[in-house]
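S.K.: entry_20.txt is the file, holding compact mmCIF, C-alpha atoms:
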```
# COMPACT_ATOMS: atom_id res chain seq x y z
CA MET A 22 -18.13 -22.87 13.56
CA THR A 23 -21.55 -24.54 13.77
CA ASP A 24 -22.55 -23.17 10.34
CA ARG A 25 -19.31 -24.48 8.87
CA LEU A 26 -19.85 -27.91 10.39
CA ILE A 27 -23.39 -27.96 9.01
CA LYS A 28 -21.98 -27.15 5.57
CA LEU A 29 -19.34 -29.86 5.90
CA ARG A 30 -21.86 -32.47 7.04
CA ALA A 31 -24.11 -31.62 4.10
CA PHE A 32 -21.13 -32.31 1.84
CA MET A 33 -20.53 -35.60 3.66
CA ALA A 34 -24.15 -36.63 3.21
CA ASP A 35 -23.94 -35.85 -0.50
CA LYS A 36 -20.88 -38.12 -0.77
CA ASN A 37 -22.49 -40.75 1.46
CA LEU A 38 -19.65 -40.54 4.00
CA SER A 39 -19.99 -41.73 7.57
CA ALA A 40 -17.01 -39.57 8.54
CA LEU A 41 -14.28 -37.31 7.21
CA ILE A 42 -10.63 -36.94 8.22
CA VAL A 43 -9.38 -33.33 7.91
CA ASN A 44 -5.63 -32.72 8.20
CA LYS A 45 -4.88 -29.87 5.79
CA PRO A 46 -3.96 -26.92 8.07
CA GLU A 47 -6.24 -24.36 6.41
CA ASN A 48 -9.24 -26.68 6.49
CA ARG A 49 -8.52 -27.80 10.03
CA ARG A 50 -8.54 -24.16 11.13
CA TYR A 51 -11.60 -23.25 9.05
CA PHE A 52 -13.81 -26.05 10.40
CA SER A 53 -12.62 -26.03 14.03
CA GLY A 54 -11.09 -22.64 14.86
CA PHE A 55 -7.93 -24.39 16.10
CA THR A 56 -4.77 -22.49 15.14
CA GLY A 57 -2.16 -24.95 16.40
CA THR A 58 0.33 -26.48 14.01
CA ALA A 59 -0.38 -30.14 14.76
CA GLY A 60 -3.68 -31.98 14.75
CA MET A 61 -6.36 -33.83 12.82
CA LEU A 62 -10.12 -33.61 12.75
CA LEU A 63 -12.37 -36.65 12.61
CA ILE A 64 -15.91 -35.56 11.89
CA SER A 65 -18.78 -38.04 11.79
CA ARG A 66 -22.46 -37.34 11.24
CA GLU A 67 -22.99 -36.90 14.98
CA LYS A 68 -19.60 -36.21 16.58
CA SER A 69 -16.53 -34.03 16.06
CA PHE A 70 -13.07 -34.95 17.36
CA LEU A 71 -9.85 -32.94 17.35
CA ILE A 72 -6.77 -35.12 17.83
CA THR A 73 -3.65 -33.29 18.97
CA ASP A 74 -0.70 -33.68 21.33
CA PHE A 75 0.11 -32.50 24.85
CA ARG A 76 1.38 -29.08 23.67
CA TYR A 77 -2.00 -28.01 22.29
CA ILE A 78 -4.62 -29.60 24.55
CA GLU A 79 -5.44 -26.42 26.48
CA GLN A 80 -5.36 -24.25 23.35
CA ALA A 81 -7.59 -26.68 21.46
CA ALA A 82 -10.12 -26.72 24.29
CA MET A 83 -10.34 -22.91 24.16
CA GLN A 84 -10.49 -22.57 20.37
CA ALA A 85 -12.50 -25.62 19.28
CA ALA A 86 -15.51 -25.51 21.58
CA HIS A 87 -17.63 -27.77 19.38
CA TYR A 88 -15.06 -30.58 19.36
CA GLU A 89 -14.16 -33.37 21.72
CA ILE A 90 -10.42 -32.92 22.27
CA VAL A 91 -8.47 -36.18 22.15
CA LYS A 92 -4.81 -36.27 23.22
CA HIS A 93 -2.52 -38.65 21.39
CA ASP A 94 0.81 -39.91 22.63
CA ILE A 95 3.59 -40.80 20.18
CA ASN A 96 1.57 -41.81 17.13
CA PRO A 97 -1.55 -39.76 16.28
CA TYR A 98 -2.68 -42.37 13.76
CA GLU A 99 -3.06 -45.01 16.45
CA THR A 100 -5.50 -42.67 18.18
CA LEU A 101 -7.29 -42.03 14.91
CA ILE A 102 -7.56 -45.76 14.20
CA SER A 103 -9.00 -46.36 17.66
CA LEU A 104 -11.62 -43.64 17.22
CA ILE A 105 -12.69 -44.91 13.81
CA LYS A 106 -13.09 -48.44 15.15
CA ASP A 107 -14.87 -47.32 18.33
CA GLN A 108 -17.35 -45.26 16.31
CA CYS A 109 -17.93 -48.12 13.82
CA LEU A 110 -17.29 -45.79 10.87
CA ASP A 111 -17.48 -47.65 7.60
CA ARG A 112 -17.08 -45.10 4.78
CA VAL A 113 -14.51 -42.43 5.57
CA GLY A 114 -13.40 -39.54 3.39
CA PHE A 115 -9.88 -38.14 3.35
CA GLU A 116 -8.29 -35.09 1.70
CA SER A 117 -6.71 -36.67 -1.35
CA ASP A 118 -5.02 -33.44 -2.46
CA PHE A 119 -3.05 -33.26 0.80
CA THR A 120 -2.59 -36.82 2.01
CA THR A 121 0.79 -38.42 1.38
CA VAL A 122 1.28 -42.10 0.62
CA ALA A 123 2.73 -42.62 4.10
CA ILE A 124 -0.30 -41.02 5.78
CA TYR A 125 -2.66 -42.96 3.53
CA GLN A 126 -1.05 -46.21 4.64
CA ASN A 127 -1.85 -45.23 8.23
CA PHE A 128 -5.48 -44.68 7.24
CA VAL A 129 -5.64 -48.13 5.66
CA GLN A 130 -4.84 -49.63 9.06
CA ALA A 131 -8.05 -48.09 10.40
CA ILE A 132 -10.46 -48.98 7.64
CA ASP A 133 -10.58 -51.21 4.57
CA GLU A 134 -9.13 -49.53 1.51
CA GLU A 135 -12.37 -49.84 -0.45
CA ASN A 136 -14.11 -47.76 2.23
CA LEU A 137 -11.59 -44.92 2.09
CA VAL A 138 -13.03 -42.21 -0.16
CA PRO A 139 -10.78 -39.51 -1.70
CA VAL A 140 -12.38 -36.06 -1.57
CA THR A 141 -11.38 -32.40 -1.76
CA ILE A 142 -13.08 -29.82 0.46
CA ASP A 143 -11.23 -26.58 -0.31
CA HIS A 144 -14.20 -25.39 -2.39
CA LEU A 145 -16.25 -25.17 0.82
CA ARG A 146 -14.10 -22.17 1.83
CA VAL A 147 -14.54 -20.07 -1.32
CA ILE A 148 -17.52 -18.00 -0.09
CA LYS A 149 -16.28 -15.75 2.69
CA ASP A 150 -18.47 -14.84 5.65
CA PHE A 151 -18.66 -11.41 7.30
CA LYS A 152 -15.90 -12.13 9.80
CA GLU A 153 -13.56 -13.49 7.11
CA LEU A 154 -14.12 -10.46 4.90
CA ASN A 155 -13.26 -8.11 7.75
CA LEU A 156 -10.03 -9.98 8.50
CA ILE A 157 -9.03 -9.92 4.82
CA LYS A 158 -9.79 -6.19 4.67
CA GLN A 159 -7.47 -5.62 7.62
CA ALA A 160 -4.73 -7.65 5.92
CA VAL A 161 -5.21 -5.53 2.79
CA ARG A 162 -5.00 -2.28 4.78
CA ILE A 163 -1.71 -3.39 6.28
CA ALA A 164 -0.27 -4.07 2.82
CA ASP A 165 -1.58 -0.75 1.50
CA ASP A 166 0.06 1.15 4.35
CA ALA A 167 3.31 -0.73 3.79
CA PHE A 168 3.27 0.29 0.12
CA SER A 169 2.80 3.95 1.05
CA HIS A 170 5.75 3.64 3.42
CA ILE A 171 8.08 1.94 0.95
CA LEU A 172 7.85 4.73 -1.62
CA SER A 173 10.13 6.94 0.49
CA PHE A 174 12.57 4.04 0.86
CA LEU A 175 13.05 3.37 -2.87
CA LYS A 176 16.16 4.99 -4.35
CA PRO A 177 19.20 4.03 -6.42
CA GLY A 178 21.63 1.84 -4.49
CA VAL A 179 19.02 0.16 -2.30
CA SER A 180 18.90 -3.61 -2.89
CA GLU A 181 15.81 -5.65 -3.67
CA GLN A 182 16.43 -7.61 -0.46
CA ASP A 183 16.54 -4.35 1.52
CA ILE A 184 13.15 -3.41 0.07
CA ALA A 185 11.66 -6.80 0.93
CA LEU A 186 13.01 -6.60 4.47
CA GLU A 187 11.61 -3.10 4.96
CA LEU A 188 8.20 -4.19 3.65
CA GLU A 189 8.13 -7.15 6.04
CA TYR A 190 9.23 -5.01 8.99
CA LYS A 191 6.56 -2.39 8.27
CA MET A 192 3.77 -4.95 7.86
CA ARG A 193 4.71 -6.62 11.13
CA GLN A 194 4.86 -3.24 12.81
CA LEU A 195 1.32 -2.59 11.52
CA GLY A 196 -0.02 -5.83 13.00
CA ALA A 197 0.73 -8.59 10.49
CA GLU A 198 1.63 -11.92 12.06
CA LYS A 199 3.80 -12.76 9.06
CA VAL A 200 4.17 -12.13 5.33
CA ALA A 201 1.73 -13.89 3.03
CA PHE A 202 4.53 -15.38 0.88
CA ASP A 203 8.16 -14.75 -0.04
CA ILE A 204 8.15 -11.10 -1.09
CA ILE A 205 8.77 -10.49 -4.78
CA VAL A 206 10.91 -7.48 -5.65
CA ALA A 207 12.06 -7.52 -9.28
CA SER A 208 13.80 -4.49 -10.75
CA GLY A 209 15.21 -3.61 -14.16
CA VAL A 210 15.59 -6.66 -16.41
CA ARG A 211 14.64 -8.91 -13.46
CA GLY A 212 11.12 -7.53 -13.84
CA ALA A 213 10.69 -10.11 -16.60
CA LEU A 214 10.57 -12.77 -13.86
CA PRO A 215 6.94 -13.02 -12.68
CA HIS A 216 8.09 -14.64 -9.43
CA GLY A 217 11.41 -12.84 -9.07
CA VAL A 218 11.92 -13.17 -5.30
CA ALA A 219 14.04 -10.31 -3.93
CA SER A 220 17.74 -10.62 -4.80
CA PRO A 221 20.91 -8.71 -3.83
CA LYS A 222 20.55 -6.61 -7.02
CA LYS A 223 20.70 -2.89 -6.33
CA ILE A 224 18.17 -0.48 -7.80
CA ALA A 225 19.51 1.74 -10.58
CA SER A 226 18.11 5.07 -11.76
CA GLY A 227 15.48 4.44 -14.42
CA ASP A 228 14.59 0.96 -13.16
CA LEU A 229 11.04 -0.25 -13.00
CA VAL A 230 10.54 -1.98 -9.65
CA THR A 231 7.77 -4.56 -9.30
CA MET A 232 6.79 -5.37 -5.70
CA ASP A 233 4.39 -8.24 -4.99
CA PHE A 234 3.68 -8.84 -1.31
CA GLY A 235 0.97 -9.38 1.27
CA ALA A 236 0.21 -9.56 4.97
CA VAL A 237 -1.34 -12.28 7.10
CA TYR A 238 -3.75 -11.02 9.73
CA GLN A 239 -5.33 -13.56 12.12
CA GLY A 240 -4.73 -16.24 9.51
CA TYR A 241 -6.12 -14.36 6.50
CA HIS A 242 -4.01 -13.16 3.59
CA SER A 243 -3.78 -10.15 1.31
CA ASP A 244 -1.99 -9.79 -2.01
CA ILE A 245 -0.91 -6.61 -3.80
CA THR A 246 1.43 -5.81 -6.67
CA ARG A 247 2.56 -2.36 -7.73
CA THR A 248 5.21 -1.37 -10.27
CA VAL A 249 6.91 2.01 -9.95
CA CYS A 250 9.81 3.74 -11.69
CA VAL A 251 12.81 5.00 -9.74
CA GLY A 252 13.63 8.08 -11.80
CA LYS A 253 12.17 9.30 -15.07
CA ALA A 254 10.36 6.65 -17.09
CA THR A 255 10.94 6.07 -20.78
CA ARG A 256 8.21 6.17 -23.39
CA LYS A 257 8.18 2.36 -23.61
CA GLN A 258 7.88 2.03 -19.83
CA HIS A 259 4.89 4.37 -19.92
CA GLU A 260 3.37 2.48 -22.83
CA ILE A 261 3.61 -0.96 -21.22
CA TYR A 262 2.39 0.31 -17.86
CA ASP A 263 -0.66 1.86 -19.57
CA VAL A 264 -1.45 -1.42 -21.35
CA VAL A 265 -1.26 -3.43 -18.13
CA LEU A 266 -3.43 -0.90 -16.31
CA LYS A 267 -6.05 -0.97 -19.07
CA ALA A 268 -6.05 -4.77 -18.91
CA GLN A 269 -6.43 -4.76 -15.15
CA LEU A 270 -9.35 -2.32 -15.32
CA ALA A 271 -11.00 -4.46 -18.01
CA GLY A 272 -10.70 -7.52 -15.78
CA LEU A 273 -12.13 -5.65 -12.80
CA GLN A 274 -15.09 -4.49 -14.87
CA GLU A 275 -15.97 -8.10 -15.73
CA ILE A 276 -16.06 -9.27 -12.10
CA LYS A 277 -19.55 -9.90 -10.74
CA SER A 278 -21.55 -12.81 -9.44
CA GLY A 279 -22.52 -15.24 -12.22
CA ASN A 280 -19.69 -14.39 -14.61
CA SER A 281 -17.28 -17.15 -15.51
CA CYS A 282 -13.70 -17.12 -14.27
CA GLN A 283 -12.58 -17.68 -17.85
CA SER A 284 -14.46 -14.60 -19.12
CA VAL A 285 -12.79 -12.35 -16.50
CA ASP A 286 -9.37 -13.60 -17.57
CA SER A 287 -10.29 -13.14 -21.22
CA ALA A 288 -11.38 -9.52 -20.72
CA ALA A 289 -7.90 -8.57 -19.54
CA ARG A 290 -6.04 -10.86 -21.94
CA ILE A 291 -7.81 -9.36 -24.98
CA VAL A 292 -6.48 -5.90 -24.08
CA ILE A 293 -2.89 -7.13 -23.86
CA LYS A 294 -3.19 -9.08 -27.12
CA LYS A 295 -4.71 -6.06 -28.86
CA HIS A 296 -1.53 -4.12 -28.09
CA ASN A 297 0.65 -6.96 -29.41
CA TYR A 298 2.00 -8.08 -26.04
CA GLY A 299 -0.04 -11.28 -25.76
CA GLU A 300 3.00 -13.57 -25.80
CA TYR A 301 4.38 -11.76 -22.74
CA PHE A 302 1.40 -12.51 -20.48
CA GLY A 303 1.74 -16.19 -19.66
CA HIS A 304 -0.06 -16.71 -16.34
CA GLY A 305 -3.68 -16.62 -15.20
CA LEU A 306 -5.29 -13.33 -14.28
CA GLY A 307 -5.82 -14.13 -10.62
CA HIS A 308 -6.70 -16.49 -7.81
CA GLY A 309 -8.75 -16.78 -4.67
CA VAL A 310 -7.38 -15.49 -1.36
CA GLY A 311 -8.24 -16.47 2.20
CA LEU A 312 -6.63 -18.73 4.77
CA PHE A 313 -4.20 -19.68 2.00
CA ILE A 314 -2.59 -17.30 -0.47
CA HIS A 315 -3.60 -19.26 -3.58
CA GLU A 316 -7.13 -20.62 -3.27
CA GLU A 317 -10.03 -21.33 -5.56
CA PRO A 318 -11.38 -19.89 -7.74
CA ARG A 319 -8.74 -19.44 -10.43
CA LEU A 320 -9.17 -16.67 -13.00
CA SER A 321 -7.56 -18.56 -15.85
CA PRO A 322 -8.10 -19.60 -19.48
CA SER A 323 -8.10 -23.22 -18.32
CA ASN A 324 -10.84 -22.79 -15.69
CA GLN A 325 -13.77 -23.54 -17.96
CA GLN A 326 -16.15 -24.58 -15.17
CA GLY A 327 -15.46 -21.87 -12.58
CA VAL A 328 -18.18 -19.28 -11.94
CA LEU A 329 -17.89 -16.28 -9.64
CA ALA A 330 -20.28 -15.94 -6.70
CA GLU A 331 -20.99 -13.20 -4.21
CA ASN A 332 -18.40 -12.85 -1.40
CA MET A 333 -15.64 -14.70 -3.19
CA VAL A 334 -12.31 -12.89 -2.74
CA VAL A 335 -9.92 -12.93 -5.70
CA THR A 336 -6.91 -11.10 -7.10
CA VAL A 337 -6.74 -9.38 -10.48
CA GLU A 338 -3.11 -9.23 -11.60
CA PRO A 339 -2.26 -8.97 -15.30
CA GLY A 340 1.35 -8.45 -16.28
CA ILE A 341 3.70 -8.06 -19.23
CA TYR A 342 7.16 -9.63 -18.93
CA ILE A 343 9.71 -9.03 -21.68
CA PRO A 344 13.03 -10.92 -21.47
CA GLU A 345 16.12 -8.69 -21.23
CA TRP A 346 13.88 -5.64 -20.81
CA GLY A 347 11.79 -6.04 -17.67
CA GLY A 348 8.15 -6.16 -16.72
CA VAL A 349 5.07 -4.59 -15.20
CA ARG A 350 2.35 -6.16 -13.01
CA ILE A 351 -0.56 -4.49 -11.23
CA GLU A 352 -2.64 -6.41 -8.69
CA ASP A 353 -5.60 -5.73 -6.43
CA THR A 354 -7.43 -7.93 -3.94
CA VAL A 355 -11.17 -7.65 -4.55
CA VAL A 356 -14.54 -8.99 -3.36
CA VAL A 357 -17.14 -10.28 -5.81
CA THR A 358 -20.53 -8.64 -5.28
CA ALA A 359 -23.92 -9.30 -6.83
CA HIS A 360 -23.59 -6.65 -9.54
CA ASN A 361 -19.96 -5.49 -9.62
CA VAL A 362 -16.72 -5.62 -7.67
CA GLU A 363 -15.52 -4.15 -4.38
CA ILE A 364 -11.84 -3.25 -4.72
CA LEU A 365 -10.20 -3.68 -1.33
CA THR A 366 -6.72 -2.53 -2.37
CA LYS A 367 -6.62 1.26 -2.14
CA SER A 368 -3.03 2.03 -3.23
CA SER A 369 -2.90 4.31 -6.26
CA LYS A 370 -2.48 2.72 -9.68
CA GLN A 371 -1.31 5.94 -11.30
CA PHE A 372 2.15 5.39 -12.72
CA ILE A 373 4.58 6.62 -10.07
CA GLU A 374 7.95 8.12 -11.06
CA LEU A 375 10.09 8.65 -7.97
CA ASP A 376 12.80 11.27 -7.76
CA SER A 377 16.18 9.57 -7.98
```
Reformat the file's structure so that it appears as structure tokens.
M.R.:
Amino acid sequence: MTDRLIKLRAFMADKNLSALIVNKPENRRYFSGFTGTAGMLLISREKSFLITDFRYIEQAAMQAAHYEIVKHDINPYETLISLIKDQCLDRVGFESDFTTVAIYQNFVQAIDEENLVPVTIDHLRVIKDFKELNLIKQAVRIADDAFSHILSFLKPGVSEQDIALELEYKMRQLGAEKVAFDIIVASGVRGALPHGVASPKKIASGDLVTMDFGAVYQGYHSDITRTVCVGKATRKQHEIYDVVLKAQLAGLQEIKSGNSCQSVDSAARIVIKKHNYGEYFGHGLGHGVGLFIHEEPRLSPSNQQGVLAENMVVTVEPGIYIPEWGGVRIEDTVVVTAHNVEILTKSSKQFIELDS
């Protein structure tokens, strides 16, 4: 945690802040190690405080060794106000992308509004360290093993919700603390819904089934999508799957340190447009993954400033979604390296046709 605090204090110095309030859960955990569900950090140039309630005092003392643990009673903001005044802090940053109006009004009681500085600090988490990479790799392995398991479960008559439940059960059995997000299972015409969360719909013979899911392991997320066919696939299903796979491989080939996020997205998008399916790929190519499922950087046409750097972790997930027909998406979680990409997701991307 000391390296992370050094990085955070360098950011504070650059912004000329005397202190920073951190209350976004992912950032609180990243900069302190504290995994409880309630608490705030107040970090000055010399001191670090973790404010929490009675339930978490012992846990905080064990997990946040570099922090002075401060117990609050009913109102944590009264404790925060007292600390800010006691430390004579005059220019305090706060996480503007997470702070509500109600919370901001509490901050104003502690310091004059003109000395409250809105900042965002999520970008300080984009480069993963060795420990983070290992935790993400374990989360990916859990999802890979769950995918291998689910193939024997897929058959006509099984509902999308049954599939999602089985995936969650298997990932938890393999060591996941929870699922990374609401599991997407979209079959048949529902495959045209990029975020088609599992429904009561039953799988029919000949359906494409898109499954997008991930595991959380010690706080870190994984994200995988695979599309399979239950039964014999049609020529069009083969065609669209092949286009998506070619696009995904093109995107992967473009990933390396120094390349722009926009250029990676473009490499995949060009392939889909070339095959006349451009209008059916309407989302960005991917996103960062870590303590939160959707982090920076974004692989997107709109991310004109983003540049990849070594040890960023991102997804690569092109898709084609055709209304009243269905869809295909293929997604890997990968690590950016100096010269190419390390693909963490090991599940096969060969088009799978399951006996029905």
S.K.: Can you measure atom CA of A:Glu89 to atom CA of A:Glu67 for me? One decimal in Å is fine.
M.R.: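 Between these atoms lies a distance of 11.7 Å.
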S.K.: Go through A:Met61, A:Ala207, A:Leu29, A:Val249 and flag the residue nearest A:Asn44, using all atoms listed in the file for the distances.
M.R.: A:Met61
S.K.: Which residue is closest to A:Val356? Choose from A:Ala197, A:Ile157, A:Ile373, A:Ala271 and count all atoms listed in the file.
M.R.: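 Ranking A:Ala197, A:Ile157, A:Ile373, A:Ala271 by distance to A:Val356, first place goes to A:Ile157.
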S.K.: If I take atom CA of A:Ser243 and atom CA of A:Ala86, how far is one from the other in Å, to one decimal?
M.R.: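 Atom-to-atom, atom CA of A:Ser243 to atom CA of A:Ala86, that is 28.0 Å.
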S.K.: Which residue, A:Val337, A:Ile314, A:Ile142, A:Ala185, has the smallest gap to A:Ala288 when you use only C-alpha atoms?
M.R.: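 When distances to A:Ala288 are compared using only C-alpha atoms, the smallest one comes from A:Val337.
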S.K.: Rank nothing, just name the residue among A:Glu275, A:Glu300, A:Leu186, A:Arg30 nearest to A:Phe174, using only C-alpha atoms.
M.R.: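 Checking each of A:Glu275, A:Glu300, A:Leu186, A:Arg30 against A:Phe174, counting only C-alpha atoms, the winner is A:Leu186.
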S.K.: Kindly give the distance, in Å, that separates atom CA of A:Ala164 and atom CA of A:Met192, rounded to a single decimal.
M.R.: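 Here the two named atoms are 6.5 Å from each other.
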S.K.: So which residues touch A:Lys45 within 8 Å, counting all atoms listed in the file, skipping near sequence neighbours fewer than 2 positions away, as a list in words?
M.R.: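 My list of contacting residues is Val43, Glu47, Asn48, Arg49, Glu116 and Phe119 of chain A.
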S.K.: Which residue gives the smallest distance to A:Ala213 among A:Val349, A:Ile163, A:Ala268, A:Val179, with only C-alpha atoms counted?
M.R.: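 The closest residue to A:Ala213 is A:Val349.
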S.K.: List as a list of chain:residue names: which residues have an atom within 10 Å of (-4.9, -14.6, 9.8), counting all atoms listed in the file?
M.R.: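 Those residues, ordered by chain and then number, are A:Thr56, A:Glu153, A:Leu156, A:Ile157, A:Gln159, A:Ala160, A:Ala197, A:Glu198, A:Lys199, A:Ala201, A:Ala236, A:Val237, A:Tyr238, A:Gln239, A:Gly240, A:Tyr241, A:His242, A:Ser243, A:Gly311, A:Leu312, A:Phe313.
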S.K.: Can you tell me which residues surround A:Ile224 at a distance of at most 6 Å, considering all atoms listed in the file, apart from same-chain residues fewer than 5 positions away, and format the answer as a list of chain:residue names?
M.R.: A:Pro177, A:Gly178, A:Val179, A:Ser180
S.K.: What's the 12 Å shell around stretch 318-323 of chain A, counting all atoms listed in the file, without same-chain residues fewer than 2 positions away, as a ChimeraX atom specification?
M.R.: /A:143-148,272-273,275-276,280-291,302-311,314-316,325-330,332-339,357
S.K.: Around (4.6, -9.7, -9.5), as given in the file, which residues come within 12 Å? Count only C-alpha atoms and list them as a ChimeraX atom specification.
M.R.: /A:202-208,211-219,229-235,244-249,302,304,306-307,336-342,347-353
S.K.: With distances taken over only C-alpha atoms, which residue among A:Ala40, A:Met22, A:Val91, A:Val210 lies nearest A:Pro344?
M.R.: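 Of all the options, A:Val210 lies closest to A:Pro344.
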